[in-house]
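**Q** Compact mmCIF, C-alpha atoms and all ligand atoms, file final_12.txt:
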```
# COMPACT_ATOMS: atom_id res chain seq x y z
CA MET A 1 9.98 -22.08 18.15
CA SER A 2 9.48 -23.88 14.89
CA THR A 3 11.91 -24.67 12.10
CA VAL A 4 10.87 -23.68 8.58
CA ASN A 5 12.39 -23.87 5.11
CA ALA A 6 14.04 -20.72 3.81
CA ILE A 7 16.56 -19.25 1.40
CA ALA A 8 19.47 -17.45 3.04
CA ALA A 9 22.61 -15.54 2.13
CA PRO A 10 25.57 -17.18 3.92
CA SER A 11 27.83 -14.14 3.33
CA ALA A 12 28.12 -10.99 1.23
CA THR A 13 29.80 -12.89 -1.59
CA ASP A 14 28.35 -16.43 -1.62
CA PRO A 15 25.21 -17.29 -3.59
CA LEU A 16 21.96 -17.67 -1.65
CA VAL A 17 21.24 -21.26 -0.52
CA ARG A 18 18.32 -23.32 0.74
CA THR A 19 18.37 -23.73 4.48
CA THR A 20 16.11 -23.70 7.54
CA ILE A 21 15.42 -20.89 10.02
CA GLU A 22 13.58 -20.60 13.33
CA ARG A 23 10.28 -18.75 13.81
CA ARG A 24 9.07 -17.73 17.25
CA GLU A 25 6.01 -19.26 18.94
CA VAL A 26 2.77 -17.50 18.04
CA GLY A 27 2.22 -14.97 20.85
CA PRO A 28 -1.20 -13.62 21.90
CA ARG A 29 -1.01 -10.71 19.42
CA ASP A 30 0.80 -12.59 16.64
CA VAL A 31 -0.35 -14.24 13.46
CA LEU A 32 1.41 -17.14 11.77
CA ILE A 33 1.39 -16.63 8.01
CA GLU A 34 1.87 -19.44 5.51
CA ILE A 35 3.70 -17.54 2.78
CA SER A 36 2.71 -18.11 -0.85
CA TYR A 37 4.79 -15.52 -2.74
CA ALA A 38 7.73 -13.26 -1.90
CA GLY A 39 8.93 -10.45 -4.17
CA ILE A 40 12.59 -9.66 -4.83
CA CYS A 41 13.34 -5.99 -4.09
CA HIS A 42 16.64 -4.37 -5.05
CA SER A 43 16.95 -3.53 -1.33
CA ASP A 44 17.32 -7.28 -0.66
CA ILE A 45 20.34 -7.25 -2.98
CA HIS A 46 21.90 -4.07 -1.54
CA THR A 47 21.49 -5.68 1.90
CA VAL A 48 22.97 -9.13 1.27
CA LYS A 49 25.90 -7.60 -0.61
CA GLU A 50 26.49 -5.41 2.48
CA GLU A 51 26.35 -2.31 0.29
CA TRP A 52 24.49 -0.43 3.04
CA GLY A 53 26.65 -1.73 5.91
CA SER A 54 27.37 -4.97 7.70
CA VAL A 55 24.57 -7.48 8.25
CA PRO A 56 24.24 -10.53 10.50
CA PHE A 57 24.81 -13.66 8.36
CA PRO A 58 23.31 -16.06 7.58
CA LEU A 59 20.40 -13.84 6.61
CA THR A 60 17.03 -14.49 4.96
CA VAL A 61 15.79 -11.36 3.19
CA GLY A 62 12.46 -10.54 1.52
CA HIS A 63 9.96 -7.85 2.51
CA GLU A 64 7.24 -8.25 -0.08
CA ILE A 65 5.28 -11.08 1.49
CA VAL A 66 1.81 -12.46 0.82
CA GLY A 67 0.14 -15.54 2.21
CA ARG A 68 -2.70 -16.77 4.36
CA VAL A 69 -3.18 -16.69 8.11
CA ALA A 70 -2.50 -20.21 9.41
CA GLU A 71 -2.86 -19.44 13.11
CA ALA A 72 -3.94 -16.40 15.14
CA GLY A 73 -2.97 -15.63 18.76
CA SER A 74 -5.64 -15.44 21.49
CA GLU A 75 -5.84 -11.61 21.43
CA VAL A 76 -5.78 -11.18 17.65
CA THR A 77 -8.81 -9.27 16.39
CA ARG A 78 -7.66 -7.86 13.04
CA HIS A 79 -7.08 -11.12 11.15
CA ALA A 80 -8.58 -14.61 11.12
CA VAL A 81 -7.34 -18.00 10.00
CA GLY A 82 -7.62 -18.26 6.21
CA ASP A 83 -7.44 -14.49 5.57
CA ARG A 84 -5.20 -13.38 2.76
CA VAL A 85 -2.60 -11.05 4.24
CA GLY A 86 0.65 -9.28 3.50
CA VAL A 87 3.75 -8.04 5.29
CA GLY A 88 6.02 -5.29 4.01
CA CYS A 89 9.30 -3.77 5.15
CA MET A 90 8.63 -3.47 8.89
CA VAL A 91 7.25 -5.80 11.54
CA ASN A 92 7.14 -3.48 14.56
CA SER A 93 7.85 0.02 15.90
CA CYS A 94 7.79 1.73 19.31
CA ARG A 95 4.13 2.83 18.89
CA GLU A 96 4.69 5.69 21.37
CA CYS A 97 6.73 8.35 19.59
CA ASP A 98 5.17 11.29 17.76
CA ASN A 99 5.74 9.69 14.36
CA CYS A 100 4.23 6.34 15.36
CA LYS A 101 1.23 8.14 16.89
CA ALA A 102 0.85 10.01 13.59
CA GLY A 103 0.63 6.69 11.72
CA GLN A 104 4.10 7.15 10.25
CA GLU A 105 5.64 4.04 11.82
CA GLN A 106 8.23 3.89 9.05
CA TYR A 107 9.73 7.04 10.60
CA CYS A 108 9.58 5.71 14.19
CA LEU A 109 11.94 7.89 16.21
CA GLN A 110 13.36 4.79 17.85
CA GLY A 111 13.74 3.10 14.47
CA ASN A 112 11.15 0.72 13.08
CA THR A 113 11.88 -3.00 13.29
CA GLY A 114 12.78 -4.09 9.77
CA THR A 115 11.34 -7.33 8.40
CA TYR A 116 14.88 -8.67 8.14
CA ALA A 117 18.31 -7.96 9.64
CA ALA A 118 16.83 -6.01 12.58
CA VAL A 119 16.94 -6.84 16.28
CA ASP A 120 13.44 -8.00 17.20
CA ARG A 121 11.81 -7.25 20.57
CA ASP A 122 12.86 -10.69 21.85
CA GLY A 123 16.50 -9.95 20.94
CA THR A 124 16.63 -12.26 17.93
CA ILE A 125 17.47 -11.08 14.42
CA THR A 126 14.44 -10.73 12.14
CA GLN A 127 14.40 -12.99 9.07
CA GLY A 128 12.48 -12.07 5.92
CA GLY A 129 10.02 -13.58 3.52
CA TYR A 130 12.05 -15.97 1.37
CA SER A 131 10.68 -18.70 3.61
CA THR A 132 7.57 -20.81 4.06
CA HIS A 133 6.20 -19.13 7.22
CA VAL A 134 6.57 -15.97 9.27
CA VAL A 135 5.19 -14.85 12.65
CA VAL A 136 4.25 -11.16 12.81
CA ASP A 137 2.42 -8.88 15.25
CA GLN A 138 -1.12 -8.38 13.94
CA ASP A 139 -0.73 -4.58 13.75
CA PHE A 140 1.95 -4.91 11.07
CA VAL A 141 -0.03 -7.36 8.94
CA LEU A 142 -2.04 -5.94 6.02
CA ARG A 143 -5.30 -7.20 4.53
CA VAL A 144 -4.74 -8.09 0.87
CA PRO A 145 -7.92 -7.78 -1.22
CA GLU A 146 -8.82 -11.07 -2.94
CA SER A 147 -9.31 -9.31 -6.29
CA ILE A 148 -5.56 -8.71 -6.67
CA PRO A 149 -4.04 -11.81 -8.32
CA HIS A 150 -2.15 -13.57 -5.56
CA GLU A 151 1.33 -13.57 -7.14
CA LYS A 152 0.96 -9.93 -8.11
CA ALA A 153 0.03 -8.76 -4.63
CA ALA A 154 3.47 -9.30 -3.10
CA PRO A 155 5.37 -6.42 -4.79
CA LEU A 156 2.76 -3.93 -3.61
CA LEU A 157 4.04 -4.40 -0.06
CA CYS A 158 7.28 -2.55 -0.88
CA ALA A 159 7.42 -1.33 -4.49
CA GLY A 160 3.76 -0.29 -4.34
CA ILE A 161 3.79 1.62 -1.07
CA THR A 162 7.23 3.18 -1.62
CA THR A 163 5.97 4.89 -4.75
CA TYR A 164 2.36 5.51 -3.64
CA SER A 165 3.46 7.38 -0.52
CA PRO A 166 5.50 10.18 -2.18
CA LEU A 167 3.06 10.42 -5.11
CA SER A 168 0.28 10.96 -2.61
CA HIS A 169 2.27 13.27 -0.32
CA TRP A 170 3.38 15.52 -3.19
CA ASN A 171 -0.11 15.51 -4.71
CA ALA A 172 0.40 13.74 -8.02
CA GLY A 173 -2.92 14.21 -9.78
CA PRO A 174 -4.71 16.00 -12.59
CA GLY A 175 -2.73 18.94 -13.97
CA LYS A 176 0.56 17.65 -12.52
CA LYS A 177 3.51 16.60 -14.65
CA VAL A 178 5.29 13.69 -13.02
CA ALA A 179 8.52 12.05 -14.22
CA VAL A 180 9.66 8.61 -13.09
CA VAL A 181 13.39 7.93 -13.34
CA GLY A 182 14.25 4.22 -13.82
CA MET A 183 11.56 1.75 -14.83
CA GLY A 184 12.32 -1.33 -12.77
CA GLY A 185 10.29 -2.74 -9.87
CA LEU A 186 9.55 0.56 -8.12
CA GLY A 187 9.58 2.62 -11.31
CA HIS A 188 6.91 0.65 -13.14
CA MET A 189 4.64 0.84 -10.08
CA ALA A 190 5.28 4.59 -9.86
CA VAL A 191 4.12 4.93 -13.47
CA LYS A 192 0.94 2.90 -12.95
CA ILE A 193 0.01 4.62 -9.69
CA ALA A 194 0.75 8.17 -10.90
CA VAL A 195 -1.36 7.50 -14.02
CA ALA A 196 -4.20 6.21 -11.83
CA MET A 197 -3.95 9.37 -9.71
CA GLY A 198 -4.51 11.40 -12.88
CA ALA A 199 -1.04 12.86 -13.45
CA GLU A 200 0.64 13.28 -16.84
CA VAL A 201 3.49 10.82 -16.61
CA THR A 202 6.88 10.76 -18.34
CA VAL A 203 9.35 7.88 -18.02
CA LEU A 204 13.06 8.66 -17.98
CA SER A 205 14.80 5.34 -18.64
CA GLN A 206 18.39 4.67 -19.68
CA THR A 207 17.29 3.59 -23.18
CA LEU A 208 14.09 3.35 -25.22
CA GLY A 209 14.13 -0.46 -24.85
CA LYS A 210 11.03 -0.56 -22.64
CA LYS A 211 9.14 2.31 -24.30
CA ASP A 212 6.19 0.19 -25.48
CA ASP A 213 5.72 -1.16 -21.95
CA GLY A 214 5.91 2.32 -20.40
CA LEU A 215 3.24 3.63 -22.75
CA ALA A 216 1.11 0.53 -22.09
CA PHE A 217 1.36 1.30 -18.35
CA GLY A 218 -0.21 4.68 -19.15
CA ALA A 219 2.79 7.02 -19.45
CA GLU A 220 2.30 9.73 -22.10
CA HIS A 221 5.99 10.30 -22.80
CA TYR A 222 9.14 8.19 -22.70
CA TYR A 223 12.71 9.45 -23.04
CA ALA A 224 16.17 7.88 -22.97
CA THR A 225 18.51 9.46 -20.44
CA LYS A 226 21.54 8.20 -22.39
CA ASP A 227 20.52 10.75 -25.02
CA ALA A 228 21.84 14.15 -23.82
CA SER A 229 19.19 16.04 -25.80
CA THR A 230 16.53 14.65 -23.38
CA PHE A 231 17.78 17.06 -20.72
CA GLU A 232 17.56 20.03 -23.10
CA THR A 233 14.07 19.10 -24.33
CA LEU A 234 12.64 18.62 -20.83
CA LYS A 235 14.27 21.57 -19.00
CA ASN A 236 11.93 23.25 -16.44
CA THR A 237 9.08 20.79 -17.08
CA PHE A 238 8.07 18.68 -14.09
CA ASP A 239 6.19 19.35 -10.87
CA LEU A 240 7.46 16.11 -9.37
CA ILE A 241 10.24 13.67 -10.22
CA ILE A 242 10.39 10.28 -8.51
CA ASN A 243 13.90 8.85 -8.71
CA THR A 244 13.87 5.06 -8.34
CA VAL A 245 17.41 4.36 -9.55
CA SER A 246 19.50 1.99 -7.45
CA ALA A 247 22.79 3.67 -8.51
CA PRO A 248 23.99 7.28 -8.22
CA ILE A 249 22.79 9.62 -10.98
CA ASP A 250 23.81 13.20 -11.73
CA MET A 251 21.47 15.26 -9.58
CA SER A 252 22.07 18.61 -11.28
CA SER A 253 20.90 17.19 -14.64
CA TYR A 254 17.68 15.82 -13.16
CA LEU A 255 16.99 18.85 -10.95
CA SER A 256 17.20 21.05 -14.06
CA LEU A 257 14.04 19.31 -15.28
CA LEU A 258 11.91 20.72 -12.39
CA ARG A 259 9.69 23.71 -12.98
CA LEU A 260 8.94 26.43 -10.39
CA ASP A 261 8.50 24.89 -6.91
CA GLY A 262 9.05 21.39 -8.29
CA THR A 263 10.34 18.55 -6.12
CA LEU A 264 12.67 15.66 -6.89
CA VAL A 265 12.07 12.80 -4.46
CA SER A 266 14.63 10.04 -4.25
CA VAL A 267 13.32 6.66 -3.22
CA GLY A 268 16.25 4.93 -4.92
CA ALA A 269 18.84 4.11 -2.28
CA PRO A 270 22.32 3.82 -3.82
CA PRO A 271 25.03 3.12 -1.27
CA GLN A 272 26.95 6.20 -2.40
CA PRO A 273 25.90 9.82 -1.62
CA LEU A 274 23.91 11.81 -4.21
CA PRO A 275 25.65 15.20 -4.23
CA VAL A 276 23.29 18.12 -4.86
CA PRO A 277 24.72 21.42 -6.15
CA VAL A 278 22.77 24.16 -4.31
CA PHE A 279 22.53 26.35 -7.40
CA SER A 280 20.42 23.62 -9.02
CA LEU A 281 17.98 24.16 -6.16
CA PHE A 282 18.03 27.99 -6.28
CA ASN A 283 16.73 27.99 -9.86
CA ASN A 284 12.94 27.60 -9.80
CA ARG A 285 13.01 27.31 -5.95
CA ARG A 286 13.39 23.54 -6.31
CA SER A 287 13.29 20.93 -3.54
CA PHE A 288 15.23 17.72 -3.17
CA ALA A 289 13.58 15.17 -0.86
CA GLY A 290 13.64 11.55 0.19
CA SER A 291 10.86 9.17 1.17
CA SER A 292 10.87 5.81 2.92
CA ILE A 293 8.19 3.15 2.34
CA GLY A 294 4.89 4.21 4.01
CA GLY A 295 2.95 3.81 7.25
CA ILE A 296 0.72 0.82 7.98
CA ALA A 297 -2.57 2.71 7.45
CA GLU A 298 -1.22 4.21 4.23
CA THR A 299 -0.11 0.75 3.04
CA GLN A 300 -3.66 -0.52 3.58
CA GLU A 301 -4.97 2.53 1.70
CA MET A 302 -2.59 1.73 -1.21
CA LEU A 303 -3.69 -1.94 -1.33
CA ASP A 304 -7.34 -0.91 -1.39
CA PHE A 305 -6.61 1.76 -4.04
CA CYS A 306 -4.84 -0.78 -6.28
CA ALA A 307 -7.66 -3.32 -5.86
CA GLU A 308 -10.31 -0.71 -6.66
CA ARG A 309 -8.44 0.66 -9.67
CA GLY A 310 -7.29 -2.72 -10.98
CA ILE A 311 -3.61 -1.84 -10.63
CA ALA A 312 -1.10 -4.64 -10.21
CA PRO A 313 2.60 -5.11 -10.87
CA GLU A 314 4.00 -7.03 -13.83
CA VAL A 315 5.70 -10.07 -12.37
CA GLU A 316 7.90 -12.96 -13.42
CA VAL A 317 7.25 -15.88 -11.08
CA ILE A 318 10.36 -17.96 -10.33
CA THR A 319 11.21 -21.05 -8.29
CA ALA A 320 13.31 -21.09 -5.15
CA ASP A 321 16.26 -22.31 -7.21
CA GLN A 322 16.21 -19.33 -9.58
CA VAL A 323 16.83 -16.60 -7.01
CA ASN A 324 20.56 -16.15 -7.69
CA GLU A 325 19.90 -15.89 -11.42
CA ALA A 326 17.13 -13.36 -10.75
CA TYR A 327 19.55 -11.24 -8.66
CA GLU A 328 21.95 -11.11 -11.62
CA ARG A 329 19.16 -10.03 -13.92
CA VAL A 330 18.01 -7.28 -11.54
CA LEU A 331 21.61 -6.02 -11.38
CA ASN A 332 21.66 -5.86 -15.20
CA SER A 333 18.37 -3.86 -15.31
CA ASP A 334 16.89 -6.98 -16.95
CA VAL A 335 13.70 -7.22 -14.90
CA ARG A 336 10.15 -7.13 -16.31
CA TYR A 337 9.25 -5.83 -13.78
CA ARG A 338 9.42 -7.74 -10.50
CA PHE A 339 10.65 -11.24 -9.73
CA VAL A 340 8.36 -13.08 -7.34
CA ILE A 341 9.36 -16.37 -5.71
CA ASP A 342 6.71 -19.11 -5.71
CA ILE A 343 7.16 -20.25 -2.12
CA ASP A 344 5.47 -23.60 -2.85
CA THR A 345 8.77 -24.53 -4.52
CA LEU A 346 10.46 -24.14 -1.12
CA ARG A 347 8.22 -26.52 0.82
P1 LIG A 401 15.26 -2.27 -9.87
O1 LIG A 401 14.08 -3.12 -10.17
O2 LIG A 401 16.62 -2.78 -10.08
O3 LIG A 401 15.05 -0.90 -10.70
C1 LIG A 401 16.01 0.11 -10.74
C2 LIG A 401 15.99 0.71 -12.13
O4 LIG A 401 16.91 1.81 -12.15
C3 LIG A 401 16.48 -0.20 -13.23
O5 LIG A 401 15.48 -1.05 -13.72
C4 LIG A 401 16.96 0.79 -14.27
O6 LIG A 401 15.84 1.29 -14.98
C5 LIG A 401 17.51 1.91 -13.42
N1 LIG A 401 18.97 1.83 -13.28
C6 LIG A 401 19.69 0.82 -12.72
N2 LIG A 401 21.01 1.10 -12.73
C7 LIG A 401 21.13 2.32 -13.30
C8 LIG A 401 22.22 3.18 -13.56
N3 LIG A 401 23.49 2.81 -13.27
N4 LIG A 401 21.98 4.37 -14.13
C9 LIG A 401 20.73 4.75 -14.45
N5 LIG A 401 19.65 3.99 -14.20
C10 LIG A 401 19.85 2.79 -13.65
O7 LIG A 401 15.24 -1.82 -8.35
P2 LIG A 401 13.98 -1.54 -7.38
O8 LIG A 401 13.69 -2.78 -6.62
O9 LIG A 401 12.94 -0.84 -8.13
O10 LIG A 401 14.65 -0.55 -6.31
C11 LIG A 401 15.16 0.71 -6.76
C12 LIG A 401 15.89 1.40 -5.63
O11 LIG A 401 14.94 1.79 -4.64
C13 LIG A 401 16.92 0.53 -4.90
O12 LIG A 401 18.04 1.33 -4.58
C14 LIG A 401 16.19 0.11 -3.64
O13 LIG A 401 17.04 -0.21 -2.58
C15 LIG A 401 15.42 1.37 -3.35
N6 LIG A 401 14.25 1.20 -2.48
C16 LIG A 401 13.98 2.20 -1.61
C17 LIG A 401 12.86 2.14 -0.81
C18 LIG A 401 12.51 3.28 0.08
O14 LIG A 401 11.76 3.08 1.04
N7 LIG A 401 12.95 4.48 -0.20
C19 LIG A 401 12.03 1.01 -0.86
C20 LIG A 401 12.34 0.01 -1.79
C21 LIG A 401 13.44 0.11 -2.60
P3 LIG A 401 15.91 1.60 -16.55
O15 LIG A 401 16.30 0.28 -17.18
O16 LIG A 401 14.52 2.02 -16.87
O17 LIG A 401 16.91 2.66 -16.76
ZN ZN A 402 11.89 -3.14 -0.88
ZN ZN A 403 7.93 5.13 17.26
```
Rewrite the coordinates I just gave you, this time as structure tokens.
Ligand code: NAP
Ligand code: ZN
Ligand code: ZN
**A**
Amino acid sequence: MSTVNAIAAPSATDPLVRTTIERREVGPRDVLIEISYAGICHSDIHTVKEEWGSVPFPLTVGHEIVGRVAEAGSEVTRHAVGDRVGVGCMVNSCRECDNCKAGQEQYCLQGNTGTYAAVDRDGTITQGGYSTHVVVDQDFVLRVPESIPHEKAAPLLCAGITTYSPLSHWNAGPGKKVAVVGMGGLGHMAVKIAVAMGAEVTVLSQTLGKKDDGLAFGAEHYYATKDASTFETLKNTFDLIINTVSAPIDMSSYLSLLRLDGTLVSVGAPPQPLPVPVFSLFNNRRSFAGSSIGGIAETQEMLDFCAERGIAPEVEVITADQVNEAYERVLNSDVRYRFVIDIDTLR
């Protein structure tokens, strides 16, 4: 075991504080990663506020992690000391169930092991990336192409894959009209990735305040959802809607925007249910779906796609002491478009 610096939530109501946590010894199949940047995902905030259920405090969150391999176990073949690597939302899975065998470890039938707040295989509670080092099984460590600016690589590990996966699964591409609801961390990546896939992209944001940014990211259209006429104008329009909103929204209004056989996929994870009136689905034979992060192979595919296409998130790099302030800004939809902690400020 080794003791490393970290930022942790002491409870659901106290601010996050600097502290130390323990990391396990590097096992034969493990790599020790010296973390350089960690992104702040809204899921970190839902978690520490116990909006999704009780969590074991004190807890270090963070599942958008990039750094370099500092040590590799004796049986490690996939990564070498000095490699630039990343870790996303999971650090293990059963590897034996049908979903794991299909490369969909995020849907492991025994539950994947989350990067934080999960019971690890040694019985300890996993602790996330707001810390200087992490030890992870080599199979759950991604190769991060050097061409992606280092601080911008971190958000791809959650915001990138969570939007890439449904866009790819539901065939966003040329001839497809895709709407992205909410342009925060996930939403702005959804826009960039859907544009790169060749789709015609529309942003549905609360206001027009970020319209210039949305168009600069490649969206062709941008509407304010606070304006009721938006829902009249865009009725029966989209093949695919990706909902990234962290709060409940009125499903019947958004479903009415789908054309024949269109699908609304929610990746946003509000703590409250999202009631769906069935008649909104009957019209145009619409589907309502959900999607959770992505598998390890698909995450690698996304990283390589972003490197090849020159896609990277917009980030605001902060110090370890600015995390609580950043949380407040995320909660106020005041994020442009992902906060990333410079972990050197934690050493
Ligand atoms: P974020 O940066 O806070 O973005 C959410 C955006 O939703 C905001 O920027 C805002 O966009 C919009 N929004 C917020 N409150 C709203 C409200 N009351 N009504 C309407 N729109 C509102 O959050 P994020 O990190 O992208 O995460 C978004 C959600 O995805 C969270 O619930 C998170 O837990 C979830 N998530 C799910 C997965 C998964 O695997 N499915 C993975 C990661 C995250 P505008 O200002 O443009 O309106
Ligand atoms: Zn996340
Ligand atoms: Zn499994």
**Q** When you look at Ile45 of chain A with a cut-off of 9 Å (counting all atoms listed in the file), what residues show up, excluding the ones that are within fewer than 6 positions of it in the same chain? I need them as a PDB file with C-alpha atoms, keeping the file's coordinate frame.
**A**
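Below is the file result15.pdb, written as the result:
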```
ATOM      1  CA  GLU A  51      26.350  -2.310   0.290  1.00  0.00           C
ATOM      2  CA  VAL A  61      15.790 -11.360   3.190  1.00  0.00           C
ATOM      3  CA  TYR A 327      19.550 -11.240  -8.660  1.00  0.00           C
ATOM      4  CA  VAL A 330      18.010  -7.280 -11.540  1.00  0.00           C
ATOM      5  CA  LEU A 331      21.610  -6.020 -11.380  1.00  0.00           C
TER       6      LEU A 331
END
```
**Q** Write out as a PDB file with C-alpha atoms, in the coordinates of the input which residues come within 10 Å of Val26 of chain A when counting only C-alpha atoms, dropping same-chain ones fewer than 2 positions away.
**A**
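Output saved as result22.pdb:
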```
ATOM      1  CA  MET A   1       9.980 -22.080  18.150  1.00  0.00           C
ATOM      2  CA  SER A   2       9.480 -23.880  14.890  1.00  0.00           C
ATOM      3  CA  ARG A  23      10.280 -18.750  13.810  1.00  0.00           C
ATOM      4  CA  ARG A  24       9.070 -17.730  17.250  1.00  0.00           C
ATOM      5  CA  PRO A  28      -1.200 -13.620  21.900  1.00  0.00           C
ATOM      6  CA  ARG A  29      -1.010 -10.710  19.420  1.00  0.00           C
ATOM      7  CA  ASP A  30       0.800 -12.590  16.640  1.00  0.00           C
ATOM      8  CA  VAL A  31      -0.350 -14.240  13.460  1.00  0.00           C
ATOM      9  CA  LEU A  32       1.410 -17.140  11.770  1.00  0.00           C
ATOM     10  CA  GLU A  71      -2.860 -19.440  13.110  1.00  0.00           C
ATOM     11  CA  ALA A  72      -3.940 -16.400  15.140  1.00  0.00           C
ATOM     12  CA  GLY A  73      -2.970 -15.630  18.760  1.00  0.00           C
ATOM     13  CA  SER A  74      -5.640 -15.440  21.490  1.00  0.00           C
ATOM     14  CA  VAL A 134       6.570 -15.970   9.270  1.00  0.00           C
ATOM     15  CA  VAL A 135       5.190 -14.850  12.650  1.00  0.00           C
ATOM     16  CA  VAL A 136       4.250 -11.160  12.810  1.00  0.00           C
ATOM     17  CA  ASP A 137       2.420  -8.880  15.250  1.00  0.00           C
TER      18      ASP A 137
END
```
**Q** Given all atoms listed in the file as the basis, pick out the residue of A:Val87, A:Cys306, A:Val144, A:Met183 nearest to Gly209 of chain A.
**A**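 Of all the options, A:Met183 lies closest to Gly209 of chain A.
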**Q** Show me a table, sorted first by chain and then by increasing residue number, of the residues of chain A having an atom at most 12 Å from ligand ZN 403 (chain A), each with its shortest atom pair and the distance in Å to one decimal, counting all atoms listed in the file and written as a Markdown table.
**A**
```
| residue | atom | partner | partner_atom | distance |
| --- | --- | --- | --- | --- |
| A:Asn92 | CA | A:ZN403 | ZN | 9.1 |
| A:Ser93 | CA | A:ZN403 | ZN | 5.3 |
| A:Cys94 | CA | A:ZN403 | ZN | 4.0 |
| A:Arg95 | CA | A:ZN403 | ZN | 4.7 |
| A:Glu96 | CA | A:ZN403 | ZN | 5.3 |
| A:Cys97 | CA | A:ZN403 | ZN | 4.2 |
| A:Asp98 | CA | A:ZN403 | ZN | 6.8 |
| A:Asn99 | CA | A:ZN403 | ZN | 5.8 |
| A:Cys100 | CA | A:ZN403 | ZN | 4.3 |
| A:Lys101 | CA | A:ZN403 | ZN | 7.4 |
| A:Ala102 | CA | A:ZN403 | ZN | 9.3 |
| A:Gly103 | CA | A:ZN403 | ZN | 9.3 |
| A:Gln104 | CA | A:ZN403 | ZN | 8.2 |
| A:Glu105 | CA | A:ZN403 | ZN | 6.0 |
| A:Gln106 | CA | A:ZN403 | ZN | 8.3 |
| A:Tyr107 | CA | A:ZN403 | ZN | 7.2 |
| A:Cys108 | CA | A:ZN403 | ZN | 3.5 |
| A:Leu109 | CA | A:ZN403 | ZN | 5.0 |
| A:Gln110 | CA | A:ZN403 | ZN | 5.5 |
| A:Gly111 | CA | A:ZN403 | ZN | 6.8 |
| A:Asn112 | CA | A:ZN403 | ZN | 6.9 |
| A:Thr113 | CA | A:ZN403 | ZN | 9.9 |
| A:Gly295 | CA | A:ZN403 | ZN | 11.3 |
```
**Q** Please measure the separation of atom CA of Phe339 of chain A and atom CA of Thr162 of chain A, giving the value in Å to one decimal.
**A** 16.9 Å
**Q** Every residue with an atom at most 9 Å from (-0.7, 6.1, -10.6) (file coordinates; all atoms listed in the file) is what I'm after, so could you write them as a list in words?
**A**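 It turns out the residues near that spot are Thr163, Tyr164, Leu167, Ala172, Gly173, Met189, Ala190, Val191, Lys192, Ile193, Ala194, Val195, Ala196, Met197, Gly198, Ala199, Val201, Gly218 and Ile311 of chain A.
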**Q** With a distance cut-off of 9 Å and all atoms listed in the file, select the neighbouring residues of Ile7 of chain A, excluding the residue or stretch itself and same-chain residues fewer than 4 positions from it, and output the selection as number ranges by chain.
**A** A: 16-21, 59-61, 129-131, 320, 323, 346
**Q** Which distance in Å separates atom CA of His188 of chain A and atom CA of Lys49 of chain A, to one decimal?
**A**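 Value for the atom CA of His188 of chain A-atom CA of Lys49 of chain A distance: 24.2 Å.
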**Q** From the set A:Arg286, A:His63, A:His169, A:His46, which residue has the shortest atom-to-atom contact distance to ligand ZN 402 (chain A), counting only C-alpha atoms and all ligand atoms?
**A**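 Ranking A:Arg286, A:His63, A:His169, A:His46 by distance to ligand ZN 402 (chain A), first place goes to A:His63.
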